[in-house]
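**Student:** TSV, C-alpha atoms, file entry.tsv:
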chain	number	residue	atom	x	y	z
A	190	MET	CA	0.00	0.00	0.00
A	191	GLY	CA	3.01	2.26	0.18
A	192	GLU	CA	3.67	4.16	3.40
A	193	ARG	CA	1.61	3.08	6.37
A	194	PRO	CA	-0.74	5.68	7.79
A	195	SER	CA	1.25	5.81	11.04
A	196	GLY	CA	4.53	4.45	12.26
A	197	MET	CA	2.82	3.89	15.62
A	198	ALA	CA	0.28	1.43	14.27
A	199	ASP	CA	2.21	-1.82	14.60
A	200	GLY	CA	1.92	-2.07	18.39
A	201	TRP	CA	-1.83	-2.00	18.92
A	202	ALA	CA	-2.73	-3.01	15.36
A	203	GLY	CA	-0.36	-5.98	15.32
A	204	GLY	CA	-1.66	-7.22	18.66
A	205	ALA	CA	-5.26	-6.83	17.53
A	206	LEU	CA	-4.56	-8.68	14.27
A	207	GLU	CA	-3.00	-11.58	16.17
A	208	ALA	CA	-6.08	-11.72	18.41
A	209	VAL	CA	-8.51	-11.81	15.47
A	210	LEU	CA	-6.51	-14.44	13.60
A	211	GLY	CA	-6.08	-16.45	16.79
A	212	ARG	CA	-9.87	-16.49	17.06
A	213	VAL	CA	-9.96	-18.08	13.58
A	214	ALA	CA	-8.42	-21.29	14.94
A	215	VAL	CA	-11.00	-21.46	17.73
A	216	THR	CA	-13.82	-20.85	15.27
A	217	LEU	CA	-12.57	-23.47	12.82
A	218	ALA	CA	-12.44	-26.10	15.57
A	219	GLU	CA	-16.01	-25.24	16.58
A	220	VAL	CA	-17.75	-24.99	13.19
A	221	GLY	CA	-15.95	-27.73	11.25
A	222	PRO	CA	-17.33	-27.95	7.70
A	223	ARG	CA	-20.09	-25.41	8.38
A	224	PHE	CA	-19.83	-21.64	7.97
A	225	PRO	CA	-19.89	-19.23	10.94
A	226	LEU	CA	-22.44	-16.42	10.79
A	227	SER	CA	-22.76	-14.70	14.18
A	228	ALA	CA	-21.47	-15.48	17.66
A	229	ASP	CA	-23.08	-14.90	21.03
A	230	PRO	CA	-21.38	-11.95	22.78
A	231	GLY	CA	-21.38	-13.68	26.15
A	232	THR	CA	-20.15	-17.16	25.23
A	233	GLY	CA	-18.57	-16.84	21.78
A	234	THR	CA	-20.69	-19.74	20.47
A	235	TRP	CA	-21.34	-19.49	16.75
A	236	THR	CA	-24.59	-19.73	14.84
A	237	THR	CA	-23.65	-21.49	11.61
A	238	THR	CA	-24.99	-22.18	8.13
A	239	ARG	CA	-24.47	-25.19	5.92
A	240	ARG	CA	-23.72	-23.40	2.63
A	241	GLY	CA	-22.49	-20.07	3.94
A	242	SER	CA	-25.35	-17.88	2.69
A	243	TRP	CA	-24.10	-14.46	1.54
A	244	THR	CA	-21.40	-14.45	4.24
A	245	GLY	CA	-19.46	-17.61	3.34
A	246	GLY	CA	-16.78	-15.77	1.42
A	247	PHE	CA	-15.79	-13.78	4.49
A	248	TRP	CA	-14.99	-16.97	6.41
A	249	ALA	CA	-12.90	-18.22	3.49
A	250	GLY	CA	-11.27	-14.78	3.28
A	251	LEU	CA	-10.35	-14.91	6.98
A	252	LEU	CA	-8.75	-18.30	6.46
A	253	TRP	CA	-6.74	-16.89	3.54
A	254	LEU	CA	-5.64	-13.93	5.66
A	255	ARG	CA	-4.47	-16.33	8.37
A	256	ALA	CA	-2.56	-18.38	5.78
A	257	ARG	CA	-0.94	-15.23	4.40
A	258	TYR	CA	0.01	-14.09	7.91
A	259	THR	CA	1.44	-17.38	9.16
A	260	GLY	CA	2.80	-18.92	5.96
A	261	ASP	CA	1.72	-22.31	7.35
A	262	PRO	CA	0.93	-24.82	4.55
A	263	ALA	CA	-1.77	-26.40	6.76
A	264	HIS	CA	-3.50	-23.03	7.04
A	265	ARG	CA	-3.39	-22.63	3.26
A	266	THR	CA	-4.93	-26.08	2.84
A	267	ALA	CA	-7.75	-25.16	5.25
A	268	ALA	CA	-8.44	-22.02	3.24
A	269	GLU	CA	-8.51	-23.94	-0.04
A	270	VAL	CA	-10.89	-26.56	1.36
A	271	CYS	CA	-13.27	-23.87	2.58
A	272	THR	CA	-13.13	-21.95	-0.69
A	273	ALA	CA	-13.90	-25.08	-2.68
A	274	ARG	CA	-17.15	-25.39	-0.72
A	275	LEU	CA	-18.26	-22.05	-2.20
A	276	ALA	CA	-18.24	-23.41	-5.76
A	277	ASP	CA	-22.00	-23.95	-5.99
A	278	TRP	CA	-22.55	-20.20	-5.56
A	279	ALA	CA	-20.86	-19.39	-8.87
A	280	ASP	CA	-24.03	-20.18	-10.82
A	281	ALA	CA	-26.54	-19.00	-8.21
A	282	ASP	CA	-28.99	-16.25	-9.12
A	283	THR	CA	-27.80	-13.61	-6.68
A	284	ALA	CA	-25.80	-10.40	-6.87
A	285	THR	CA	-24.25	-11.39	-3.54
A	286	ARG	CA	-21.94	-13.61	-5.58
A	287	GLY	CA	-19.66	-10.59	-5.37
A	288	LEU	CA	-19.58	-10.78	-1.58
A	289	ILE	CA	-19.20	-14.56	-1.62
A	290	LEU	CA	-16.78	-15.19	-4.45
A	291	TRP	CA	-14.67	-12.05	-4.60
A	292	TYR	CA	-13.82	-11.86	-0.90
A	293	GLY	CA	-13.60	-15.64	-0.66
A	294	THR	CA	-10.95	-15.86	-3.40
A	295	ALA	CA	-9.21	-12.48	-3.82
A	296	LEU	CA	-6.47	-13.24	-1.27
A	297	ALA	CA	-5.93	-16.76	-2.63
A	298	THR	CA	-2.97	-15.86	-4.83
A	299	GLY	CA	-1.84	-18.75	-7.01
A	300	SER	CA	-4.37	-21.18	-5.55
A	301	ALA	CA	-5.19	-23.99	-7.96
A	302	PRO	CA	-8.87	-24.35	-6.91
A	303	SER	CA	-9.52	-20.67	-6.13
A	304	ASP	CA	-8.30	-18.92	-9.29
A	305	PRO	CA	-10.53	-20.94	-11.68
A	306	LEU	CA	-13.50	-20.53	-9.33
A	307	ARG	CA	-13.09	-16.75	-9.32
A	308	ALA	CA	-12.83	-16.69	-13.12
A	309	ARG	CA	-15.88	-18.93	-13.50
A	310	ALA	CA	-17.89	-16.73	-11.13
A	311	ALA	CA	-16.83	-13.57	-12.93
A	312	HIS	CA	-18.02	-14.87	-16.30
A	313	ALA	CA	-21.26	-16.20	-14.80
A	314	CYS	CA	-21.99	-12.77	-13.33
A	315	LEU	CA	-21.17	-11.15	-16.67
A	316	THR	CA	-23.69	-13.49	-18.33
A	317	ALA	CA	-26.27	-12.40	-15.72
A	318	PHE	CA	-25.72	-8.71	-16.50
A	319	ASP	CA	-28.94	-7.15	-17.82
A	320	PRO	CA	-28.04	-4.40	-20.33
A	321	GLU	CA	-31.54	-2.90	-20.23
A	322	LEU	CA	-31.43	-2.48	-16.46
A	323	GLY	CA	-27.74	-1.64	-16.49
A	324	LEU	CA	-26.85	-4.07	-13.69
A	325	VAL	CA	-26.74	-7.62	-12.45
A	326	PRO	CA	-30.13	-8.00	-10.73
A	327	TRP	CA	-30.31	-8.86	-7.04
A	328	GLY	CA	-31.66	-12.27	-8.02
A	329	SER	CA	-34.06	-14.83	-6.60
A	330	ASP	CA	-31.89	-17.17	-4.55
A	331	PHE	CA	-32.81	-15.58	-1.23
A	332	GLY	CA	-36.49	-15.22	-2.04
A	333	GLY	CA	-38.56	-12.16	-2.87
A	334	PRO	CA	-38.58	-10.14	-6.10
A	335	ARG	CA	-35.69	-10.79	-8.46
A	336	LEU	CA	-35.44	-7.37	-10.12
A	337	LEU	CA	-33.96	-5.42	-7.24
A	338	ALA	CA	-30.98	-3.11	-6.85
A	339	ARG	CA	-29.52	-3.11	-3.33
A	340	ALA	CA	-26.51	-1.41	-1.82
A	341	ASP	CA	-25.07	-4.78	-0.80
A	342	GLY	CA	-25.29	-5.97	-4.40
A	343	ALA	CA	-22.45	-3.63	-5.47
A	344	PRO	CA	-19.40	-4.47	-3.31
A	345	GLY	CA	-17.39	-7.43	-4.48
A	346	LEU	CA	-19.37	-7.65	-7.70
A	347	VAL	CA	-17.64	-4.56	-9.14
A	348	PRO	CA	-14.10	-6.02	-8.94
A	349	LEU	CA	-15.39	-9.51	-9.80
A	350	LEU	CA	-17.01	-8.28	-13.02
A	351	ALA	CA	-13.99	-6.11	-13.81
A	352	SER	CA	-11.78	-9.21	-13.72
A	353	ALA	CA	-13.70	-10.66	-16.70
A	354	GLY	CA	-11.91	-8.66	-19.40
A	355	PRO	CA	-12.99	-5.52	-21.29
A	356	ARG	CA	-16.69	-6.47	-21.38
A	357	GLY	CA	-16.52	-7.22	-17.70
A	358	ARG	CA	-15.07	-3.78	-16.96
A	359	GLU	CA	-17.88	-2.15	-18.94
A	360	ALA	CA	-20.46	-4.17	-17.00
A	361	ALA	CA	-18.75	-3.32	-13.68
A	362	ALA	CA	-18.90	0.39	-14.49
A	363	ALA	CA	-22.57	0.20	-15.50
A	364	HIS	CA	-23.50	-1.91	-12.46
A	365	LEU	CA	-21.87	0.55	-10.07
A	366	HIS	CA	-23.25	3.60	-11.86
A	367	ARG	CA	-26.82	2.28	-11.69
A	368	HIS	CA	-26.51	1.52	-7.96
A	369	LEU	CA	-25.04	4.93	-7.19
A	370	GLU	CA	-27.64	6.68	-9.35
A	371	LEU	CA	-30.43	4.96	-7.45
A	372	CYS	CA	-29.03	4.72	-3.93
A	373	VAL	CA	-27.07	7.93	-3.33
A	374	GLY	CA	-28.70	11.33	-3.37
A	375	ASN	CA	-26.76	14.53	-4.10
A	376	ASP	CA	-26.96	15.35	-0.39
A	377	GLY	CA	-25.52	11.96	0.58
A	378	ARG	CA	-28.85	10.54	1.77
A	379	LEU	CA	-29.40	6.91	0.96
A	380	ALA	CA	-32.17	4.86	-0.54
A	381	PRO	CA	-30.41	1.50	-0.27
A	382	ALA	CA	-32.96	-0.76	-1.99
A	383	TRP	CA	-35.04	-0.43	-5.18
A	384	ARG	CA	-37.48	-2.65	-7.08
A	385	HIS	CA	-37.88	-2.54	-10.84
A	386	ASP	CA	-41.33	-2.76	-12.40
A	387	PRO	CA	-41.16	-3.40	-16.17
A	388	ALA	CA	-44.11	-1.06	-16.69
A	389	THR	CA	-43.28	1.81	-14.34
A	390	GLY	CA	-39.53	1.62	-13.69
A	391	TRP	CA	-37.63	1.83	-10.41
A	392	HIS	CA	-39.31	2.31	-7.03
A	393	PRO	CA	-37.59	2.67	-3.61
A	394	LEU	CA	-38.25	0.06	-0.94
A	395	ALA	CA	-38.78	0.71	2.76
A	396	GLU	CA	-36.36	-2.04	3.80
A	397	PRO	CA	-33.46	-1.84	4.34
A	398	ALA	CA	-34.20	1.58	5.82
A	399	PRO	CA	-32.60	4.73	4.40
A	400	GLY	CA	-30.56	5.04	7.62
A	401	TRP	CA	-28.96	1.59	7.21
A	402	SER	CA	-25.33	2.33	8.03
A	403	ARG	CA	-24.04	-0.86	6.42
A	404	GLY	CA	-25.65	0.23	3.16
A	405	ARG	CA	-23.52	3.38	3.23
A	406	ALA	CA	-20.42	1.34	4.05
A	407	TRP	CA	-21.06	-1.19	1.26
A	408	LEU	CA	-21.45	1.56	-1.33
A	409	LEU	CA	-18.29	3.34	-0.19
A	410	LEU	CA	-16.41	0.05	-0.49
A	411	ALA	CA	-17.72	-0.48	-4.02
A	412	VAL	CA	-16.63	3.04	-4.99
A	413	ALA	CA	-13.18	2.47	-3.48
A	414	ASP	CA	-12.81	-0.79	-5.38
A	415	ALA	CA	-13.83	0.91	-8.62
A	416	LEU	CA	-11.18	3.58	-8.09
A	417	THR	CA	-8.28	1.40	-7.00
A	418	GLY	CA	-8.68	-1.98	-8.67
A	419	PRO	CA	-6.21	-3.53	-11.14
A	420	GLY	CA	-6.18	-1.75	-14.48
A	421	GLY	CA	-7.22	1.61	-13.06
A	422	ALA	CA	-10.60	3.14	-12.32
A	423	VAL	CA	-13.55	1.40	-13.98
A	424	ALA	CA	-15.48	4.70	-14.22
A	425	CYS	CA	-14.79	8.44	-14.15
A	426	PRO	CA	-12.36	8.98	-11.24
A	427	ASP	CA	-13.60	12.49	-10.48
A	428	HIS	CA	-17.19	11.27	-10.21
A	429	LEU	CA	-16.15	8.37	-8.00
A	430	ARG	CA	-14.16	10.61	-5.68
A	431	ALA	CA	-17.08	13.05	-5.39
A	432	THR	CA	-19.42	10.17	-4.60
A	433	ALA	CA	-17.02	8.86	-1.96
A	434	THR	CA	-17.20	12.28	-0.27
A	435	ARG	CA	-21.00	12.21	-0.35
A	436	LEU	CA	-20.84	8.79	1.30
A	437	GLY	CA	-18.76	10.17	4.16
A	438	ALA	CA	-15.12	9.88	3.08
A	439	PRO	CA	-12.96	12.90	3.96
A	440	GLU	CA	-12.46	15.30	1.08
A	441	PRO	CA	-9.19	14.99	-0.83
A	442	GLU	CA	-6.56	17.46	0.31
A	443	PRO	CA	-5.52	19.98	-2.39
A	444	THR	CA	-2.12	19.59	-3.98
A	445	ALA	CA	0.33	22.48	-4.14
A	446	ASP	CA	-0.84	23.21	-7.69
A	447	GLU	CA	-4.48	23.36	-6.60
A	448	ALA	CA	-3.94	25.62	-3.60
A	449	HIS	CA	-4.82	29.25	-4.29
A	450	PRO	CA	-5.62	32.19	-2.01
A	451	ALA	CA	-8.98	32.71	-3.67
A	452	ARG	CA	-9.98	29.06	-3.48
A	453	THR	CA	-13.15	28.52	-1.47
A	454	PRO	CA	-12.92	25.24	0.42
A	455	HIS	CA	-15.84	22.87	0.51
A	456	SER	CA	-17.76	22.74	3.75
A	457	PRO	CA	-16.57	19.74	5.77
A	458	PRO	CA	-19.12	16.97	6.17
A	459	PRO	CA	-20.84	16.82	9.53
A	460	ALA	CA	-18.93	14.86	12.17
A	461	THR	CA	-19.83	11.18	12.12
A	462	PRO	CA	-19.09	8.64	14.86
A	463	LEU	CA	-16.19	6.27	14.36
A	464	VAL	CA	-18.61	3.40	15.01
A	465	PRO	CA	-22.03	4.27	13.60
A	466	PRO	CA	-25.43	3.16	14.85
A	467	ALA	CA	-26.92	0.36	12.80
A	468	ASP	CA	-29.69	2.78	11.75
A	469	GLU	CA	-28.48	6.35	11.38
A	470	SER	CA	-32.00	7.62	12.00
A	471	HIS	CA	-31.93	6.00	15.47
A	472	PRO	CA	-28.64	7.22	16.96
A	473	ASP	CA	-29.49	5.73	20.36
A	474	GLY	CA	-30.03	2.26	18.91
A	475	PRO	CA	-27.49	-0.56	18.60
A	476	LEU	CA	-24.10	0.13	17.06
A	477	ASP	CA	-22.75	-1.75	14.08
A	478	THR	CA	-19.03	-2.39	14.32
A	479	SER	CA	-19.18	-4.35	11.07
A	480	ALA	CA	-20.19	-1.18	9.20
A	481	ALA	CA	-17.23	0.61	10.80
A	482	ALA	CA	-14.82	-2.16	9.74
A	483	ILE	CA	-16.11	-2.12	6.15
A	484	THR	CA	-15.73	1.67	6.07
A	485	ALA	CA	-12.18	1.48	7.39
A	486	VAL	CA	-11.15	-0.90	4.59
A	487	ALA	CA	-12.79	1.35	1.99
A	488	LEU	CA	-10.90	4.34	3.39
A	489	LEU	CA	-7.59	2.46	3.32
A	490	LYS	CA	-8.20	1.69	-0.35
A	491	LEU	CA	-8.96	5.36	-1.03
A	492	ALA	CA	-5.82	6.31	0.90
A	493	THR	CA	-3.72	4.74	-1.86
A	494	GLN	CA	-4.81	7.62	-4.12
A	495	PRO	CA	-2.95	10.98	-4.22
A	496	GLY	CA	-4.22	13.59	-1.77
A	497	GLN	CA	-6.14	11.09	0.38
A	498	GLU	CA	-4.09	11.32	3.57
A	499	ALA	CA	-7.24	12.24	5.52
A	500	CYS	CA	-8.75	8.89	4.54
A	501	ALA	CA	-5.72	7.12	6.00
A	502	ARG	CA	-6.02	9.02	9.28
A	503	ARG	CA	-9.74	8.36	9.55
A	504	ALA	CA	-9.28	4.64	8.77
A	505	GLU	CA	-6.64	4.29	11.45
A	506	ALA	CA	-8.85	6.08	13.98
A	507	VAL	CA	-11.75	3.73	13.22
A	508	LEU	CA	-9.58	0.62	13.49
A	509	HIS	CA	-8.04	1.84	16.73
A	510	ARG	CA	-11.51	2.38	18.21
A	511	LEU	CA	-12.62	-1.10	17.15
A	512	ALA	CA	-9.47	-2.71	18.52
A	513	THR	CA	-9.50	-0.95	21.87
A	514	ALA	CA	-13.22	-0.65	22.65
A	515	HIS	CA	-14.96	-3.53	20.87
A	516	LEU	CA	-12.46	-6.40	20.51
A	517	THR	CA	-12.38	-8.99	23.29
A	518	GLY	CA	-9.02	-9.57	24.88
A	519	THR	CA	-8.00	-5.96	24.25
A	520	GLY	CA	-9.22	-2.75	25.83
A	521	THR	CA	-12.71	-2.72	27.30
A	522	ALA	CA	-14.59	-5.15	25.06
A	523	SER	CA	-14.25	-8.11	27.42
A	524	GLU	CA	-15.98	-6.11	30.15
A	525	THR	CA	-18.86	-5.26	27.83
A	526	ALA	CA	-19.11	-8.92	26.80
A	527	SER	CA	-19.65	-9.84	30.43
A	528	GLU	CA	-22.24	-7.08	30.75
A	529	ALA	CA	-24.04	-8.41	27.66
A	530	ALA	CA	-24.15	-11.91	29.17
A	531	SER	CA	-25.61	-10.51	32.40
A	532	GLU	CA	-28.23	-8.54	30.47
A	533	ALA	CA	-29.21	-11.63	28.49
A	534	ALA	CA	-29.60	-13.62	31.71
A	535	SER	CA	-31.76	-10.95	33.30
A	536	GLU	CA	-34.04	-10.81	30.24
A	537	THR	CA	-34.74	-14.55	30.55
A	538	GLY	CA	-35.15	-14.41	34.34
A	539	GLU	CA	-32.06	-16.55	34.89
A	540	ALA	CA	-29.40	-15.75	37.45
A	541	PRO	CA	-25.98	-14.94	35.98
A	542	THR	CA	-23.74	-17.99	36.12
A	543	ILE	CA	-20.99	-17.69	38.71
A	544	GLY	CA	-17.61	-18.45	37.21
A	545	ALA	CA	-18.98	-18.54	33.67
A	546	PRO	CA	-16.23	-18.82	31.03
A	547	VAL	CA	-14.87	-15.54	29.72
A	548	PRO	CA	-15.56	-15.06	26.00
A	549	PRO	CA	-12.48	-15.91	23.94
A	550	PRO	CA	-10.21	-13.11	22.72
A	551	GLY	CA	-10.42	-11.80	19.19
A	552	MET	CA	-14.22	-11.32	19.04
A	553	LEU	CA	-15.33	-8.06	17.42
A	554	LEU	CA	-18.47	-7.33	19.44
A	555	HIS	CA	-21.39	-4.93	18.89
A	556	GLY	CA	-22.04	-5.94	15.32
A	557	CYS	CA	-25.68	-5.67	14.29
A	558	HIS	CA	-26.97	-8.17	11.76
A	559	ASP	CA	-30.48	-6.73	11.53
A	560	ALA	CA	-31.76	-4.02	13.87
A	561	ALA	CA	-35.29	-4.07	12.41
A	562	THR	CA	-35.87	-7.71	13.38
A	563	GLY	CA	-33.65	-7.71	16.45
A	564	THR	CA	-31.37	-10.34	14.93
A	565	ALA	CA	-27.87	-10.57	16.44
A	566	VAL	CA	-27.75	-6.93	17.53
A	567	GLN	CA	-24.65	-7.01	19.78
A	568	HIS	CA	-22.87	-9.96	18.27
A	569	GLU	CA	-19.65	-10.97	16.65
A	570	LEU	CA	-20.33	-11.12	12.90
A	571	ILE	CA	-18.13	-13.04	10.51
A	572	TRP	CA	-17.99	-10.19	7.98
A	573	GLY	CA	-17.08	-7.74	10.72
A	574	ASP	CA	-14.19	-10.02	11.72
A	575	PHE	CA	-13.03	-10.26	8.11
A	576	PHE	CA	-12.98	-6.54	7.42
A	577	LEU	CA	-11.36	-5.76	10.77
A	578	ALA	CA	-8.64	-8.32	10.04
A	579	LEU	CA	-8.19	-7.00	6.48
A	580	GLY	CA	-7.92	-3.42	7.73
A	581	LEU	CA	-5.40	-4.36	10.43
A	582	ALA	CA	-3.42	-6.46	7.94
A	583	ALA	CA	-3.28	-3.49	5.57
A	584	LEU	CA	-2.33	-1.09	8.36
A	585	THR	CA	0.58	-3.32	9.42
A	586	GLY	CA	1.78	-4.03	5.88
A	587	VAL	CA	0.77	-7.70	5.73
A	588	VAL	CA	-1.40	-7.10	2.65
A	589	ASP	CA	-2.10	-4.30	0.21
A	590	PRO	CA	-5.71	-3.14	0.81
A	591	ARG	CA	-6.32	-3.18	-2.94
A	592	GLU	CA	-5.85	-6.95	-3.05
A	593	ALA	CA	-9.31	-7.73	-1.69
Written as structure tokens, that's how I'd like the structure from this file.

**Tutor:**
Amino acid sequence: MGERPSGMADGWAGGALEAVLGRVAVTLAEVGPRFPLSADPGTGTWTTTRRGSWTGGFWAGLLWLRARYTGDPAHRTAAEVCTARLADWADADTATRGLILWYGTALATGSAPSDPLRARAAHACLTAFDPELGLVPWGSDFGGPRLLARADGAPGLVPLLASAGPRGREAAAAHLHRHLELCVGNDGRLAPAWRHDPATGWHPLAEPAPGWSRGRAWLLLAVADALTGPGGAVACPDHLRATATRLGAPEPEPTADEAHPARTPHSPPPATPLVPPADESHPDGPLDTSAAAITAVALLKLATQPGQEACARRAEAVLHRLATAHLTGTGTASETASEAASEAASETGEAPTIGAPVPPPGMLLHGCHDAATGTAVQHELIWGDFFLALGLAALTGVVDPREA
């Protein structure tokens, strides 16, 4: 990535990265051939899925990060075995193939099973591209209407499409442009989900809500990937940078040539918390550390561009907050894990267990899977773990953030 954002990062960031990757071994022993989804904040016990759902690629990506970090051939084998179990998703009718098959394979450099799977998925997604709609539709594999555009249908799919040659790059640019056109207003407000009616066109949906912080984070990540991927920007760089600012990235700092006494600076965006609430319209509701981790990785990608030093500083601040306030085994997160277990016991009328086991280290707590339904609202989330680990690995020089 070039120069690290701070020479002081290795101490806390390196320790946090070791904790997160150490948690991978514990998780692997617990889940076996299944895929982890979310873990109880009090006990660390995982809820799992058989096929991985839209999150399976993040578990494979974590295993690849561990293999990259340790250099252990056994860890590489474990990553390859997990990635191979994602193969059925290549031909599934879902735009979340980007989340599954880009992040599950991007760090698998030179892997015999992973490289062909990524290429197969890229061409399958290119075949699914609808030129009249200008995107790969959300799809039908998770139920509901097929002709949707959702904020979480852009990340991963942009670099995956772009890897499929010139036609793939054109499709990636169109797919991202359509999502940004629909989802991001000129004032930065979001409408993260839309349904297409062949007779009347696009219509916004009530869910996910406009204040969905992960929707903002996903779109910023897709923009960052479009700007920094191999082969250069897949769309107009100036437009992408302006959109990144509307999504909350710090404005680029002017170069010496751009500075001028008469230049009127843009108004800075309103201050936003390092860890946002899951629903921005309910600031007193549950936090979502996974949205913060996704945002940090997007900012580290943007920080590889000229004049984006503010993105690097913001990314480091976010990662430091996650590592010191929300990661078990470091800072204060273990205390809050114990508090969460006590709260859960009181809600069920049970007495807190004396001498209950302390949650294992390396859990990124206070992730919110779905605030509207109350699903896993203070939990460890596998995608939060992945993006935290990726951000810390980039900050400490283990990987280039543009690799995944």

**Student:** May I ask which of the residues A:Pro262, A:Pro225, A:Gly563, A:Gly231 is the closest one to Gly245 of chain A, counting only C-alpha atoms?

**Tutor:**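 Among the listed residues, A:Pro225 lies closest to Gly245 of chain A.
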
**Student:** Quick one, how far is atom CA of Asp282 of chain A from atom CA of Gly328 of chain A?

**Tutor:**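 It comes out at 4.9 Å.
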
**Student:** Find the residues near segment 551-561 of chain A: any atom within 7 Å, counting all atoms listed in the file, skip ones fewer than 3 places away on the same chain, and give them as a list in words.

**Tutor:**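 The contact residues come out as Ala208, Val209, Gly211, Arg212, Pro230, Ala467, Pro475, Leu476, Asp477, Thr478, Ser479, His515, Leu516, Thr517, Gly518, Thr564, Ala565, Val566, Gln567, His568, Glu569, Leu570, Gly573 and Asp574 of chain A.
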
**Student:** Please produce a file of those selected residues containing C-alpha atoms, as a short mmCIF file (atom, residue, chain, number, x, y, z; two decimals), keeping the file's coordinate frame.

**Tutor:**
data_model
loop_
_atom_site.label_atom_id
_atom_site.label_comp_id
_atom_site.auth_asym_id
_atom_site.auth_seq_id
_atom_site.Cartn_x
_atom_site.Cartn_y
_atom_site.Cartn_z
CA ALA A 208 -6.08 -11.72 18.41
CA VAL A 209 -8.51 -11.81 15.47
CA GLY A 211 -6.08 -16.45 16.79
CA ARG A 212 -9.87 -16.49 17.06
CA PRO A 230 -21.38 -11.95 22.78
CA ALA A 467 -26.92 0.36 12.80
CA PRO A 475 -27.49 -0.56 18.60
CA LEU A 476 -24.10 0.13 17.06
CA ASP A 477 -22.75 -1.75 14.08
CA THR A 478 -19.03 -2.39 14.32
CA SER A 479 -19.18 -4.35 11.07
CA HIS A 515 -14.96 -3.53 20.87
CA LEU A 516 -12.46 -6.40 20.51
CA THR A 517 -12.38 -8.99 23.29
CA GLY A 518 -9.02 -9.57 24.88
CA THR A 564 -31.37 -10.34 14.93
CA ALA A 565 -27.87 -10.57 16.44
CA VAL A 566 -27.75 -6.93 17.53
CA GLN A 567 -24.65 -7.01 19.78
CA HIS A 568 -22.87 -9.96 18.27
CA GLU A 569 -19.65 -10.97 16.65
CA LEU A 570 -20.33 -11.12 12.90
CA GLY A 573 -17.08 -7.74 10.72
CA ASP A 574 -14.19 -10.02 11.72
#

**Student:** Go ahead and compute the interatomic distance for atom CA of Ala411 of chain A and atom CA of Gly345 of chain A, in Å to one decimal.

**Tutor:**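 Atom CA of Ala411 of chain A sits 7.0 Å away from atom CA of Gly345 of chain A.
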
**Student:** Name the residues in contact with Ser352 of chain A at a cut-off of 8 Å, using only C-alpha atoms, excluding same-chain residues fewer than 6 positions from it; report them as a ChimeraX atom specification.

**Tutor:** /A:308,311,358

**Student:** Have a look at A:Gly333, A:Gly241, A:Pro495, A:Gly287 and name the one nearest to Val347 of chain A; count all atoms listed in the file.

**Tutor:**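 Ranking A:Gly333, A:Gly241, A:Pro495, A:Gly287 by distance to Val347 of chain A, first place goes to A:Gly287.
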
**Student:** Name the closest residue to Thr493 of chain A among the candidates A:Leu579, A:Asp589, A:Ala514, A:Pro326; distances are taken between atoms, counting only C-alpha atoms.

**Tutor:**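 Looking only at the distances to Thr493 of chain A, the closest residue turns out to be A:Asp589.
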
**Student:** Which residue, A:Arg510, A:His364, A:Arg503, A:Arg356, has the smallest gap to Leu408 of chain A when you use all atoms listed in the file?

**Tutor:**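 With all atoms listed in the file as the atom set, the closest residue is A:His364.
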
**Student:** Might you pull out every residue within 10 Å of Ala273 of chain A, with all atoms listed in the file counted and same-chain residues fewer than 6 positions away left off, and present them as number ranges by chain?

**Tutor:** A: 249, 293-294, 302-303, 306

**Student:** Using all atoms listed in the file, which residues sit within 12 Å of Pro334 of chain A once same-chain residues fewer than 6 positions away are excluded, as a count of residues only?

**Tutor:** 11

**Student:** Record the distance separating atom CA of Arg378 of chain A and atom CA of Leu416 of chain A, expressed in Å with one decimal.

**Tutor:** 21.4 Å

**Student:** Which polymer residues have any atom within 9 Å of an atom of Gly203 of chain A, counting all atoms listed in the file, with same-chain residues fewer than 3 positions away left out, as a PyMOL selection string?

**Tutor:** chain A and resi 198-200+206-208+581-582+584-585

**Student:** Which is closer to Leu511 of chain A than all the others in A:Pro590, A:Gly580, A:Gly404, A:Pro548, using all atoms listed in the file?

**Tutor:** A:Gly580

**Student:** Would you mind telling me which residue in A:Pro550, A:Pro344, A:Gly437, A:Gly221 lies nearest to Asp376 of chain A when using all atoms listed in the file?

**Tutor:**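 Ranking A:Pro550, A:Pro344, A:Gly437, A:Gly221 by distance to Asp376 of chain A, first place goes to A:Gly437.
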